[in-house]
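Below: entry32.txt (compact mmCIF, C-alpha atoms)
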# COMPACT_ATOMS: atom_id res chain seq x y z
CA SER Z 22 89.71 90.23 182.32
CA GLU Z 23 92.52 87.77 182.94
CA THR Z 24 91.54 86.00 179.71
CA LEU Z 25 93.04 88.92 177.80
CA SER Z 26 96.62 88.55 176.69
CA TYR Z 27 99.16 90.30 174.50
CA PRO Z 28 98.68 92.40 172.31
CA TYR Z 29 96.31 93.99 174.87
CA VAL Z 30 99.02 96.19 176.35
CA PHE Z 31 97.02 98.69 178.38
CA VAL Z 32 93.59 99.15 179.91
CA ILE Z 33 91.42 102.26 180.27
CA TYR Z 34 88.63 101.89 182.80
CA TYR Z 35 85.95 104.11 184.31
CA LYS Z 36 85.19 104.57 188.02
CA LYS Z 37 81.52 105.50 188.40
CA GLU Z 38 81.86 106.76 191.95
CA GLU Z 39 84.58 109.20 190.89
CA LYS Z 40 83.26 109.86 187.38
CA SER Z 41 86.84 109.48 186.19
CA TYR Z 42 88.85 107.40 183.73
CA TYR Z 43 92.08 105.60 184.63
CA ILE Z 44 94.80 104.01 182.53
CA ARG Z 45 97.22 101.25 183.49
CA ALA Z 46 99.43 98.69 181.82
CA PHE Z 47 97.65 95.38 181.26
CA SER Z 48 99.04 92.84 183.70
CA GLY Z 49 97.56 89.68 182.23
CA LYS Z 50 99.39 86.74 180.72
CA GLY Z 51 101.95 87.64 178.08
CA SER Z 52 101.90 91.37 178.81
CA ASP Z 53 104.83 93.61 179.66
CA ASN Z 54 104.44 96.66 181.91
CA LYS Z 55 107.55 98.20 180.37
CA ILE Z 56 105.74 99.17 177.18
CA LEU Z 57 103.51 101.81 178.76
CA PHE Z 58 104.96 105.07 180.06
CA VAL Z 59 103.04 107.97 181.57
CA ARG Z 60 104.57 111.43 181.53
CA LEU Z 61 104.53 113.16 184.92
CA LYS Z 62 103.57 116.80 185.12
CA ASN Z 63 105.50 119.18 187.33
CA GLU Z 64 102.49 120.00 189.50
CA ASN Z 65 101.40 116.37 189.98
CA LYS Z 66 103.37 114.39 192.53
CA LEU Z 67 103.20 110.61 192.30
CA VAL Z 68 103.63 108.61 195.49
CA LEU Z 69 106.27 105.96 194.90
CA LYS Z 70 105.62 102.25 195.37
CA GLN Z 71 108.18 99.77 196.68
CA LYS Z 72 110.00 99.56 193.35
CA GLU Z 73 109.66 101.73 190.24
CA LEU Z 74 111.28 102.14 186.86
CA ILE Z 75 111.44 105.68 185.50
CA SER Z 76 112.74 107.17 182.28
CA ALA Z 77 114.44 110.57 182.46
CA GLY Z 78 116.22 112.02 179.46
CA ASP Z 79 117.67 108.99 177.65
CA THR Z 80 118.26 107.10 180.88
CA ILE Z 81 116.42 104.42 182.83
CA PHE Z 82 116.52 104.43 186.63
CA GLN Z 83 115.35 101.88 189.14
CA ILE Z 84 113.88 103.47 192.26
CA THR Z 85 113.58 101.32 195.38
CA LEU Z 86 112.15 102.19 198.80
CA LEU Z 87 114.28 100.68 201.53
CA ALA Z 88 113.93 100.39 205.32
CA ASN Z 89 114.22 103.50 207.54
CA ASN Z 90 112.71 105.76 204.83
CA ASP Z 91 115.72 105.31 202.55
CA LEU Z 92 115.40 105.98 198.82
CA GLU Z 93 117.73 104.07 196.49
CA ILE Z 94 118.32 105.36 192.93
CA ILE Z 95 120.16 103.08 190.49
CA HIS Z 96 121.33 104.31 187.08
CA LEU Z 97 120.68 101.40 184.68
CA SER Z 98 122.00 102.80 181.39
CA LYS Z 99 125.48 102.10 180.04
CA LYS Z 100 126.42 105.78 179.89
CA LYS Z 101 129.21 106.87 182.24
CA THR Z 102 128.10 108.90 185.25
CA LEU Z 103 130.03 111.49 187.25
CA ASN Z 104 132.85 109.66 189.07
CA ASN Z 105 131.31 106.42 187.71
CA ILE Z 106 128.75 106.39 190.54
CA ASN Z 107 125.71 104.39 189.39
CA LYS Z 108 123.85 104.08 192.69
CA GLN Z 109 122.98 106.47 195.50
CA THR Z 110 120.88 106.15 198.65
CA PHE Z 111 119.18 109.03 200.46
CA ASN Z 112 117.47 109.09 203.84
CA GLY Z 113 114.16 110.96 204.11
CA ALA Z 114 114.86 112.22 207.63
CA LYS Z 115 118.12 113.83 206.50
CA LYS Z 116 117.20 114.85 202.95
CA LYS Z 117 113.62 115.95 202.25
CA ILE Z 118 114.13 116.75 198.54
CA VAL Z 119 116.46 114.86 196.20
CA THR Z 120 117.17 116.08 192.66
CA LEU Z 121 118.80 114.50 189.63
CA GLY Z 122 119.79 116.30 186.46
CA ARG Z 123 122.58 117.91 184.46
CA SER Z 124 123.43 120.58 187.05
CA LYS Z 125 126.31 119.87 189.42
CA ASP Z 126 124.04 121.25 192.16
CA CYS Z 127 121.84 118.15 191.84
CA ASP Z 128 122.11 115.44 194.49
CA PHE Z 129 122.65 112.89 191.71
CA PRO Z 130 124.34 114.90 188.90
CA PHE Z 131 124.82 113.90 185.25
CA PRO Z 132 126.71 116.92 183.82
CA ARG Z 133 127.76 115.16 180.61
CA ASP Z 134 124.27 113.92 179.69
CA LYS Z 135 122.75 116.47 177.29
CA SER Z 136 119.38 114.66 177.30
CA PHE Z 137 118.85 115.93 180.87
CA SER Z 138 117.59 119.32 181.92
CA ARG Z 139 119.57 121.10 184.63
CA PHE Z 140 117.04 119.77 187.11
CA GLN Z 141 115.37 116.79 185.48
CA THR Z 142 113.49 114.99 188.27
CA SER Z 143 112.77 115.57 191.96
CA PHE Z 144 111.92 113.23 194.82
CA GLU Z 145 110.26 114.58 197.95
CA PHE Z 146 109.82 112.94 201.35
CA ASN Z 147 106.62 113.55 203.34
CA GLU Z 148 107.55 113.31 207.01
CA ASP Z 149 103.96 112.97 208.25
CA LYS Z 150 102.96 110.18 205.84
CA LYS Z 151 106.43 108.61 205.66
CA GLN Z 152 106.15 108.57 201.86
CA TRP Z 153 108.43 109.42 198.97
CA ALA Z 154 106.89 111.11 195.92
CA ILE Z 155 108.32 111.91 192.48
CA TYR Z 156 107.63 114.82 190.15
CA ASP Z 157 109.11 116.33 187.01
CA GLY Z 158 111.63 119.18 187.11
CA LYS Z 159 112.25 121.23 190.24
CA GLY Z 160 109.99 123.65 192.09
CA ASN Z 161 107.49 124.99 189.56
CA LYS Z 162 109.74 124.49 186.52
CA SER Z 163 109.33 121.39 184.33
CA SER Z 164 112.11 119.58 182.49
CA THR Z 165 112.39 119.71 178.70
CA ASN Z 166 112.04 116.00 177.89
CA GLY Z 167 109.87 115.07 180.84
CA THR Z 168 109.98 112.35 183.47
CA TRP Z 169 108.22 109.14 182.51
CA VAL Z 170 107.04 106.39 184.85
CA PHE Z 171 106.51 102.82 183.69
CA GLY Z 172 102.83 101.95 183.82
CA THR Z 173 102.65 99.74 186.87
CA HIS Z 174 100.33 102.29 188.49
CA SER Z 175 96.75 103.15 187.71
CA PHE Z 176 96.92 106.75 186.52
CA LEU Z 177 94.00 109.15 186.67
CA ILE Z 178 93.48 110.39 183.11
CA LYS Z 179 93.66 114.18 182.89
CA ASN Z 180 93.10 116.46 179.94
CA GLU Z 181 96.08 116.67 177.56
CA MET Z 182 97.75 113.73 179.33
CA ILE Z 183 100.57 112.15 177.32
CA VAL Z 184 101.35 108.45 177.37
CA GLU Z 185 103.92 106.51 175.39
CA ILE Z 186 103.07 103.03 174.13
CA LEU Z 187 105.89 101.18 172.42
CA ASN Z 188 107.30 103.90 170.10
CA SER Z 189 104.16 106.03 169.87
CA LYS Z 190 103.26 109.05 171.98
CA ILE Z 191 99.51 109.58 172.50
CA LYS Z 192 97.82 112.66 173.90
CA ILE Z 193 94.50 112.00 175.67
CA ARG Z 194 91.97 114.78 175.39
CA GLU Z 195 89.01 115.17 177.72
CA ILE Z 196 85.67 115.60 175.91
CA LYS Z 197 83.13 117.18 178.25
CA ASN Z 198 79.99 117.64 176.14
CA ASP Z 199 78.29 117.01 172.79
CA ASP Z 200 79.74 120.20 171.27
CA ASP Z 201 83.25 118.95 172.06
CA ILE Z 202 82.44 115.60 170.44
CA LYS Z 203 81.07 117.30 167.29
CA GLU Z 204 84.09 119.60 167.06
CA ASN Z 205 86.49 116.73 167.62
CA THR Z 206 84.76 114.60 164.96
CA LYS Z 207 84.74 117.53 162.52
CA ASN Z 208 88.49 118.10 163.04
CA ASN Z 209 89.22 114.41 162.51
CA VAL Z 210 87.13 114.30 159.32
CA ASN Z 211 88.87 117.43 157.98
CA LYS Z 212 92.27 115.94 158.77
CA GLU Z 213 91.34 112.67 157.03
CA ASN Z 214 90.12 114.59 153.97
CA ASN Z 215 93.33 116.64 153.86
CA ASP Z 216 95.43 113.48 154.23
CA GLU Z 217 93.48 111.89 151.38
CA LYS Z 218 94.07 114.95 149.17
CA GLU Z 219 97.77 114.84 149.96
CA ASN Z 220 97.88 111.15 149.07
CA LEU Z 221 96.13 111.87 145.76
CA LYS Z 222 98.71 114.56 144.96
CA ILE Z 223 101.52 112.15 145.72
CA ASN Z 224 99.91 109.45 143.59
CA GLU Z 225 99.40 111.87 140.69
CA LYS Z 226 103.03 112.95 140.94
CA ASP Z 227 104.20 109.34 140.97
CA GLU Z 228 101.99 108.57 137.99
CA LYS Z 229 103.50 111.46 136.00
CA GLU Z 230 106.99 110.29 136.90
CA TRP Z 231 106.15 106.80 135.69
CA ILE Z 232 104.72 108.21 132.46
CA LYS Z 233 108.01 110.02 131.86
CA ILE Z 234 109.93 106.82 132.44
CA LEU Z 235 107.64 104.79 130.15
CA TRP Z 236 107.89 107.30 127.31

Could you take the file, read its structure, and then write that structure out as structure tokens?
Amino acid sequence: SETLSYPYVFVIYYKKEEKSYYIRAFSGKGSDNKILFVRLKNENKLVLKQKELISAGDTIFQITLLANNDLEIIHLSKKKTLNNINKQTFNGAKKKIVTLGRSKDCDFPFPRDKSFSRFQTSFEFNEDKKQWAIYDGKGNKSSTNGTWVFGTHSFLIKNEMIVEILNSKIKIREIKNDDDIKENTKNNVNKENNDEKENLKINEKDEKEWIKILW
């Protein structure tokens, strides 16, 4: 609903025909797409739109699709890059796979950035569809810290999916049947009870400390 506004920062919706849930950043008045990130998995390639913002390691990149199947990658952080190169352009006809990461073998290398894996993020050009896609890591190996895409897309929610909203990371778990719901509820109740017990212990300890001070 366009009547919604901040602090409604993201939306989860259900597609009946697909029997699937999706998540996206709320795009209504007062919202900001930059507060929702979705972590890409190595095996799931995301087709790039005209302009994207991604987070890899501790760095933000702007990804832009240009004419003639060119892919432009701009390093937006203040950290120094190799040879102080902050922007590179690659052509899909000449370069089918583009990598960025800590390794000097990457097409866009950041050897001094310890927040990167050796191969942090890959971009792949599909000649038939004339599309660029992005995925985490290289080949079948994921990066350590992950590749995160700002939530301008609608993302199909998958089991164990991780999203980051503001400074909180949230894992979304798929519940398939009543037994899962009961087990999930039971685990939550047990956790709440344990947390309450811990709080009581802390309060008792504090109370004893105060008694010592008062006496």

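If all atoms listed in the file are the atoms counted, then among Z:Glu73, Z:Glu195, Z:Glu38, Z:Asp79 the closest residue to Lys135 (chain Z) is Z:Asp79.
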
*List the neighbours of Ile178 (chain Z) out to 12 Å using only C-alpha atoms; skip same-chain residues closer than 4 positions along the sequence, and give me the result as a ChimeraX atom specification.*
/Z:32-36,39-45,59-61,174,182-184,192-196

At a cut-off of 12 Å, can you tabulate as a tab-separated table every residue of region 167-188 of chain Z near region 140-145 of chain Z together with its closest atom pair and the distance in Å to one decimal, using all atoms listed in the file and ordering rows by chain then number?
residue	atom	partner	partner_atom	distance
Z:Gly167	CA	Z:Gln141	CA	7.4
Z:Thr168	CA	Z:Thr142	CA	6.5
Z:Trp169	CA	Z:Thr142	CA	9.8
Z:Val170	CA	Z:Thr142	CA	11.3

Take the selection from the previous step and output its residues with C-alpha atoms, as a JSON list (two decimals), keeping the file's coordinate frame.
[["chain", "number", "residue", "atom", "x", "y", "z"],
["Z", 167, "GLY", "CA", 109.87, 115.07, 180.84],
["Z", 168, "THR", "CA", 109.98, 112.35, 183.47],
["Z", 169, "TRP", "CA", 108.22, 109.14, 182.51],
["Z", 170, "VAL", "CA", 107.04, 106.39, 184.85]]

*Determine, counting only C-alpha atoms, every residue of protein, DNA or RNA that lies within 6 Å of (108.1, 105.8, 195.4) in the file coordinates, then give the result as a ChimeraX atom specification.*
/Z:68-70,153-154

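Considering all atoms listed in the file, the residue among Z:Leu87, Z:Ile155, Z:Ala77, Z:Leu67 positioned nearest to Arg123 (chain Z) is Z:Ala77.
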
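Of the listed residues Z:Asn147, Z:Ser175, Z:Ser98, Z:Ser138, the one whose atoms come nearest to Lys115 (chain Z) is Z:Asn147, with distances taken using only C-alpha atoms.
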
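Going from CA of Lys37 (chain Z) to CA of Leu177 (chain Z) covers 13.1 Å.
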
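Nearest residue to Phe137 (chain Z), choosing from Z:Ile81, Z:Leu86, Z:Val119, Z:Ala114 and counting all atoms listed in the file: Z:Ile81.
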
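Residue nearest Leu57 (chain Z) within the list Z:Thr85, Z:Tyr156, Z:Ile75, Z:Phe31: Z:Phe31 [criterion: smallest interatomic distance, only C-alpha atoms].
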
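Nearest residue to Ile118 (chain Z) among Z:Phe131, Z:Phe58, Z:Phe171, Z:Phe146 is Z:Phe146, counting all atoms listed in the file.
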
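Straight-line separation from CA of Thr165 (chain Z) to CA of Lys125 (chain Z): 17.6 Å.
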
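With CA of Asn112 (chain Z) on one side and CA of Leu92 (chain Z) on the other, the separation reads 6.3 Å.
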
Put the listed atoms of region 65-81 of chain Z in a box along x, y and z with 6 Å added on every side and give me the centre and edge lengths in Å to one decimal, as lines of an AutoDock Vina configuration file.
center_x = 109.8
center_y = 108.0
center_z = 187.2
size_x = 28.9
size_y = 28.8
size_z = 31.0

*asked:* Counting only C-alpha atoms, find residues at most 8 Å from (124.6, 104.3, 196.0) (file frame) and give them as a list in words.
replied: Glu93, Ile94, Ile95, Ile106, Asn107, Lys108, Gln109 and Thr110 of chain Z

Save out the residues we just selected, C-alpha atoms, as a JSON list (two decimals), in the coordinates of the input.
[["chain", "number", "residue", "atom", "x", "y", "z"],
["Z", 93, "GLU", "CA", 117.73, 104.07, 196.49],
["Z", 94, "ILE", "CA", 118.32, 105.36, 192.93],
["Z", 95, "ILE", "CA", 120.16, 103.08, 190.49],
["Z", 106, "ILE", "CA", 128.75, 106.39, 190.54],
["Z", 107, "ASN", "CA", 125.71, 104.39, 189.39],
["Z", 108, "LYS", "CA", 123.85, 104.08, 192.69],
["Z", 109, "GLN", "CA", 122.98, 106.47, 195.50],
["Z", 110, "THR", "CA", 120.88, 106.15, 198.65]]
